[in-house]
Amino acid sequence: MISSERIPNNVDLSGDKRLQRALEHWQPRYLEWWRDMGPEGFQDHHQVYLRTAISVDPDGWAHFEFVKLPDYRWGIFLAEPVSDRAIGFGDSLGKPAWQEVPGEFRNQLRRLIVTQGDTEPASVEQQRQLGAKCPSLYDLRNLFQVNVEEGRHLWAMVYLLHSYFGRDGRDEAEELLMRTSGNRDKPRILEAFNEPVDNWLDFFMFTMFTDRDGKSQLMSLSESALDPLARTTRFMLTEEAHHMFVGETGITRILERTCQLLKETGGLSEDVHRVGGIDLEMIQRHLNFWFSRSLDLHGSEISSNAASYFANGLKGRAREDSFDDHTVTDAIYDMETCDDGRLSRQEVPMRNAMNEVLRDWYVGDCQGGVQRWNKILEQYGFSDRLYLPDKKFSRGIGIFSGFHFDPQGHPVSAEEWERRKGEWLPSAADKDYLKSIMAEPVYEPGKFANYIAPPRRGINRQPLDFEYVRTEA
Ligand code: BYC
Ligand code: FE
Ligand code: FE
């Protein structure tokens with residue numbers, strides 16, 4: 001059962017009174033942030049059927065119960081240690097992993113941890129108004145499950161800041177609660193986390209593509225020489241899988257419903273709209289937007305920061321052990337680049353291309369998901385397919401930002417971009433339409449909004465008409 005400690009943990013918090021006091025001091029501020037910036041309208045009178053991590057073994061994080069959101073037990077969990085773990089890449093390859101932060105890498109590590117930590121509460125802020133537009137109680141519960149786990153991910157990073165970075169770390173932990181998604185004066189650090197997540201199509205695309213950046217970044221941090229960072233991110237990845245499940249199956253269900261409506265109405269987008277569905281072009285535009293924003297999250301193609309993170313053993317490649325060469329001193333990345341808008345190729349030292357290496361891995365992982373979506377279209381006998389836009393399309397970070405490309409990756413002029421961007425990216429009309437079909441939330445157990453099919457099965461073997469979120473009398 002849930003441990004009686006105020007902050008559930010497997011890091012022997014009660015054995016370190018100073019740390020425990022510091023975290024217990026931060027906890028009320030966190031809760032204040034959660035009340036102000038967490039799910040709107042669902043703080044006081046609702047109980048949610050949630051999974052709470054109470055330990056790291058498979059049984060331990062499959063503990064389900066009804067909780068009021070502010071009473072959720074956000075805990076601190078590290079994956080089990082690997083004995084005699086050695087550094088797996090970079091200039092210190094083979095040396096023992098660090099249990100403490102080396103002075104010379106303190107700033108870089110703090111910065112990585114703060115950047116990671118900043119995204120977690122940001123996503124909760126972005127999603128805070130979705131409850132009032134939900135397509136079902138099943139989906140509402142999944143939204144809140146994602147939200148509380150992102151809150152826990154913030155705890156994971158704050159634990160590291162408090163444990164290993166002294167006064168600076170405590171200051172950063174406070175700052176993490178002061179920046180706000182989309183705020184003009186104090187925005188979140190990375191761009192995608194300042195974009196509004198207005199509706200459930202955005203939400204599913206966000207959890208599919210932006211949470212998947214969480215996966216690729218956490219995979220690369222789980223290779224880190226800093227062992228507590230490696231272990232905490234390893235455990236976070238088990239939760240990340242659920243977030244991507246929510247996104248992928250959410251879109252699958254929308255596609256399924258769209259296909260049904262296309263069959264019933266004669267097969268045109270206008271017909272799908274007439275009956276309140278979401279047409280394929282609109283789905284593709286939202287895919288284009290969240291995929292390209294999430295590509296940006298991997299940083300610049302050519303980055304001395306990335307080279308230095310790799311050399312110092314701070315941040316590796318996803319599945320570092322699947323590579324043969326772990327020092328990567330001579331390898332070259334043959335990169336597509338852009339000279340004043342003209343495409344060319346450039347040989348880049350591989351270490352400086354590490355952001356691109358991780359981005360390539362990410363694109364491959366996304367591709368798998370899109371192929372699974374296309375199976376639905378195939379099953380219904382449609383020849384239309386969803387696709388990932390080219391890496392150069394609509395970029396705000398890196399060598400292609402400032403130039404325009406169509407989704408196939410062909411350069412286009414600024415005029416053509418202006419004229420056609422409404423075909424490629426969500427438009428104001430899309431937003432209005434989605435708002436109109438989501439205006440009435442569906443809170444009746446077992447009922448689903450018209451634009452989305454029911455899921456295959458319920459949560460934790462509960463039936464589909466289970467009351468996943470219940471209102472207190
Ligand atoms: N927006 O060498 P560069 C997740 C800055 S998602 C704004 O290109 P570098 C989650 C950069 O900071 C995973 N600024 O990049 C998902 C630098 O600034 P300075 C989050 C950006 O340093 C869903 C400058 O541009 N985790 O967990 O290699 C829900 C040039 O830097 C952006 C991490 O990101 C951007 N997109 O940084 C909840 C892992 N990109 O030095 C959660 C930690 C770059 O000029 N972070 N800049 O001031 C990192 O590993 C790295 O900082 C980056 C790339 C991957 C972000
Ligand atoms: Fe997260
Ligand atoms: Fe996530």
# chains A, B, ... in the order shown; residues from 1 in each chain; ligands from 1
call {"tool": "residues_near_ligand", "arguments": {"ligand": "ligand 2", "cutoff": "9 Å", "atoms": "only C-alpha atoms and all ligand atoms", "output": "PyMOL selection string"}}
result
chain A and resi 116-117+119-121+123+146-147+149-154+211+214-215+218+236-237+239-240+243
call {"tool": "residues_around", "arguments": {"residues": "Pro96 (chain A)", "least_positions_apart": "2", "cutoff": "12 Å", "atoms": "only C-alpha atoms", "output": "VMD selection string"}}
result
chain A and resid 82 to 89 92 to 94 98 to 100 224 to 227 313
call {"tool": "residues_near_ligand", "arguments": {"ligand": "ligand 1", "cutoff": "7 Å", "atoms": "only C-alpha atoms and all ligand atoms", "output": "count of residues only"}}
result
35
call {"tool": "residues_around", "arguments": {"residues": "Arg141 (chain A)", "least_positions_apart": "5", "cutoff": "9 Å", "atoms": "only C-alpha atoms", "output": "list in words"}}
result
Val48, Tyr49, Leu50, Ser136, Val146, Tyr468 and Val469 of chain A
call {"tool": "closest_residue", "arguments": {"among": "A:Ala122, A:Lys263, A:Pro187, A:Pro445", "to": "ligand 3", "atoms": "only C-alpha atoms and all ligand atoms"}}
result
A:Ala122
call {"tool": "select_by_dssp", "arguments": {"residues": "region 45-150 of chain A", "states": "helix (DSSP H, G or I)", "output": "number ranges by chain"}}
result
A: 69-71, 103-126, 130-133, 137-150
call {"tool": "write_last_selection", "arguments": {"atoms": "N, CA and C atoms", "output": "CSV table (one decimal), in the first residue's frame"}}
result
chain,number,residue,atom,x,y,z
A,69,LEU,N,-7.6,15.1,-7.2
A,69,LEU,CA,-6.3,15.5,-7.9
A,69,LEU,C,-5.3,16.1,-6.9
A,70,PRO,N,-5.7,17.1,-6.1
A,70,PRO,CA,-4.6,17.7,-5.2
A,70,PRO,C,-4.1,16.7,-4.2
A,71,ASP,N,-4.8,15.6,-4.0
A,71,ASP,CA,-4.4,14.6,-3.0
A,71,ASP,C,-3.5,13.6,-3.6
A,103,GLY,N,32.5,19.0,-10.3
A,103,GLY,CA,32.4,20.4,-10.3
A,103,GLY,C,32.5,21.0,-11.7
A,104,GLU,N,33.3,20.4,-12.6
A,104,GLU,CA,33.5,21.0,-13.9
A,104,GLU,C,32.3,20.9,-14.8
A,105,PHE,N,31.4,20.0,-14.5
A,105,PHE,CA,30.2,19.8,-15.3
A,105,PHE,C,28.9,20.3,-14.7
A,106,ARG,N,29.1,20.9,-13.5
A,106,ARG,CA,27.9,21.3,-12.7
A,106,ARG,C,27.0,22.2,-13.5
A,107,ASN,N,27.5,23.2,-14.2
A,107,ASN,CA,26.6,24.1,-14.9
A,107,ASN,C,25.9,23.5,-16.0
A,108,GLN,N,26.6,22.7,-16.8
A,108,GLN,CA,26.0,22.0,-17.9
A,108,GLN,C,24.9,21.0,-17.5
A,109,LEU,N,25.2,20.3,-16.4
A,109,LEU,CA,24.2,19.3,-15.9
A,109,LEU,C,23.0,20.1,-15.4
A,110,ARG,N,23.2,21.1,-14.6
A,110,ARG,CA,22.1,21.9,-14.1
A,110,ARG,C,21.2,22.4,-15.2
A,111,ARG,N,21.8,22.9,-16.2
A,111,ARG,CA,21.1,23.4,-17.4
A,111,ARG,C,20.2,22.3,-18.0
A,112,LEU,N,20.8,21.1,-18.2
A,112,LEU,CA,20.0,20.0,-18.8
A,112,LEU,C,18.8,19.6,-18.0
A,113,ILE,N,19.1,19.5,-16.7
A,113,ILE,CA,18.0,19.1,-15.7
A,113,ILE,C,16.9,20.2,-15.6
A,114,VAL,N,17.3,21.4,-15.6
A,114,VAL,CA,16.3,22.5,-15.6
A,114,VAL,C,15.5,22.5,-16.9
A,115,THR,N,16.2,22.3,-18.0
A,115,THR,CA,15.4,22.3,-19.3
A,115,THR,C,14.4,21.2,-19.3
A,116,GLN,N,14.9,20.0,-18.9
A,116,GLN,CA,14.0,18.9,-18.8
A,116,GLN,C,12.8,19.2,-17.9
A,117,GLY,N,13.2,19.6,-16.7
A,117,GLY,CA,12.2,19.9,-15.6
A,117,GLY,C,11.2,20.9,-16.1
A,118,ASP,N,11.6,21.9,-16.8
A,118,ASP,CA,10.7,23.0,-17.2
A,118,ASP,C,9.5,22.5,-18.1
A,119,THR,N,9.8,21.5,-18.9
A,119,THR,CA,8.8,21.0,-19.9
A,119,THR,C,7.6,20.3,-19.1
A,120,GLU,N,7.9,19.8,-18.0
A,120,GLU,CA,6.9,18.9,-17.3
A,120,GLU,C,5.7,19.7,-16.8
A,121,PRO,N,5.9,20.8,-16.0
A,121,PRO,CA,4.8,21.6,-15.6
A,121,PRO,C,4.2,22.4,-16.7
A,122,ALA,N,5.1,22.7,-17.7
A,122,ALA,CA,4.6,23.5,-18.9
A,122,ALA,C,3.5,22.7,-19.5
A,123,SER,N,3.6,21.4,-19.7
A,123,SER,CA,2.6,20.6,-20.4
A,123,SER,C,1.3,20.6,-19.6
A,124,VAL,N,1.4,20.5,-18.3
A,124,VAL,CA,0.2,20.6,-17.5
A,124,VAL,C,-0.5,21.9,-17.7
A,125,GLU,N,0.2,23.0,-17.7
A,125,GLU,CA,-0.4,24.3,-18.0
A,125,GLU,C,-1.1,24.3,-19.3
A,126,GLN,N,-0.4,23.8,-20.3
A,126,GLN,CA,-1.0,23.8,-21.7
A,126,GLN,C,-2.3,23.1,-21.8
A,130,LEU,N,-8.6,21.5,-21.0
A,130,LEU,CA,-9.2,20.4,-21.8
A,130,LEU,C,-10.3,19.6,-21.1
A,131,GLY,N,-10.3,19.6,-19.8
A,131,GLY,CA,-11.3,18.9,-19.1
A,131,GLY,C,-12.8,19.3,-19.5
A,132,ALA,N,-12.9,20.6,-19.7
A,132,ALA,CA,-14.2,21.1,-20.0
A,132,ALA,C,-14.7,20.8,-21.4
A,133,LYS,N,-13.8,20.1,-22.2
A,133,LYS,CA,-14.2,19.8,-23.6
A,133,LYS,C,-14.0,18.3,-23.9
A,137,LEU,N,-15.5,10.2,-20.3
A,137,LEU,CA,-14.9,10.1,-19.0
A,137,LEU,C,-13.6,9.3,-19.1
A,138,TYR,N,-13.6,8.3,-20.0
A,138,TYR,CA,-12.3,7.5,-20.2
A,138,TYR,C,-11.2,8.5,-20.6
A,139,ASP,N,-11.5,9.4,-21.6
A,139,ASP,CA,-10.4,10.3,-22.0
A,139,ASP,C,-10.1,11.3,-20.9
A,140,LEU,N,-11.1,11.7,-20.2
A,140,LEU,CA,-10.8,12.7,-19.1
A,140,LEU,C,-9.8,12.1,-18.1
A,141,ARG,N,-10.1,10.9,-17.8
A,141,ARG,CA,-9.2,10.2,-16.8
A,141,ARG,C,-7.8,10.1,-17.4
A,142,ASN,N,-7.7,9.7,-18.6
A,142,ASN,CA,-6.3,9.6,-19.2
A,142,ASN,C,-5.6,11.0,-19.2
A,143,LEU,N,-6.3,12.0,-19.5
A,143,LEU,CA,-5.7,13.4,-19.5
A,143,LEU,C,-5.2,13.6,-18.1
A,144,PHE,N,-5.9,13.3,-17.0
A,144,PHE,CA,-5.5,13.6,-15.7
A,144,PHE,C,-4.3,12.7,-15.3
A,145,GLN,N,-4.4,11.4,-15.8
A,145,GLN,CA,-3.2,10.5,-15.5
A,145,GLN,C,-1.9,11.1,-16.1
A,146,VAL,N,-2.0,11.6,-17.3
A,146,VAL,CA,-0.9,12.2,-18.0
A,146,VAL,C,-0.4,13.4,-17.1
A,147,ASN,N,-1.4,14.2,-16.7
A,147,ASN,CA,-1.1,15.5,-16.0
A,147,ASN,C,-0.4,15.1,-14.6
A,148,VAL,N,-0.9,14.2,-13.9
A,148,VAL,CA,-0.2,13.9,-12.6
A,148,VAL,C,1.1,13.3,-12.8
A,149,GLU,N,1.3,12.5,-13.8
A,149,GLU,CA,2.6,12.0,-14.1
A,149,GLU,C,3.6,13.0,-14.5
A,150,GLU,N,3.2,14.0,-15.3
A,150,GLU,CA,4.1,15.1,-15.7
A,150,GLU,C,4.4,15.9,-14.4
call {"tool": "closest_residue", "arguments": {"among": "A:Gly277, A:Arg6, A:Phe203, A:Lys392", "to": "ligand 3", "atoms": "only C-alpha atoms and all ligand atoms"}}
result
A:Phe203
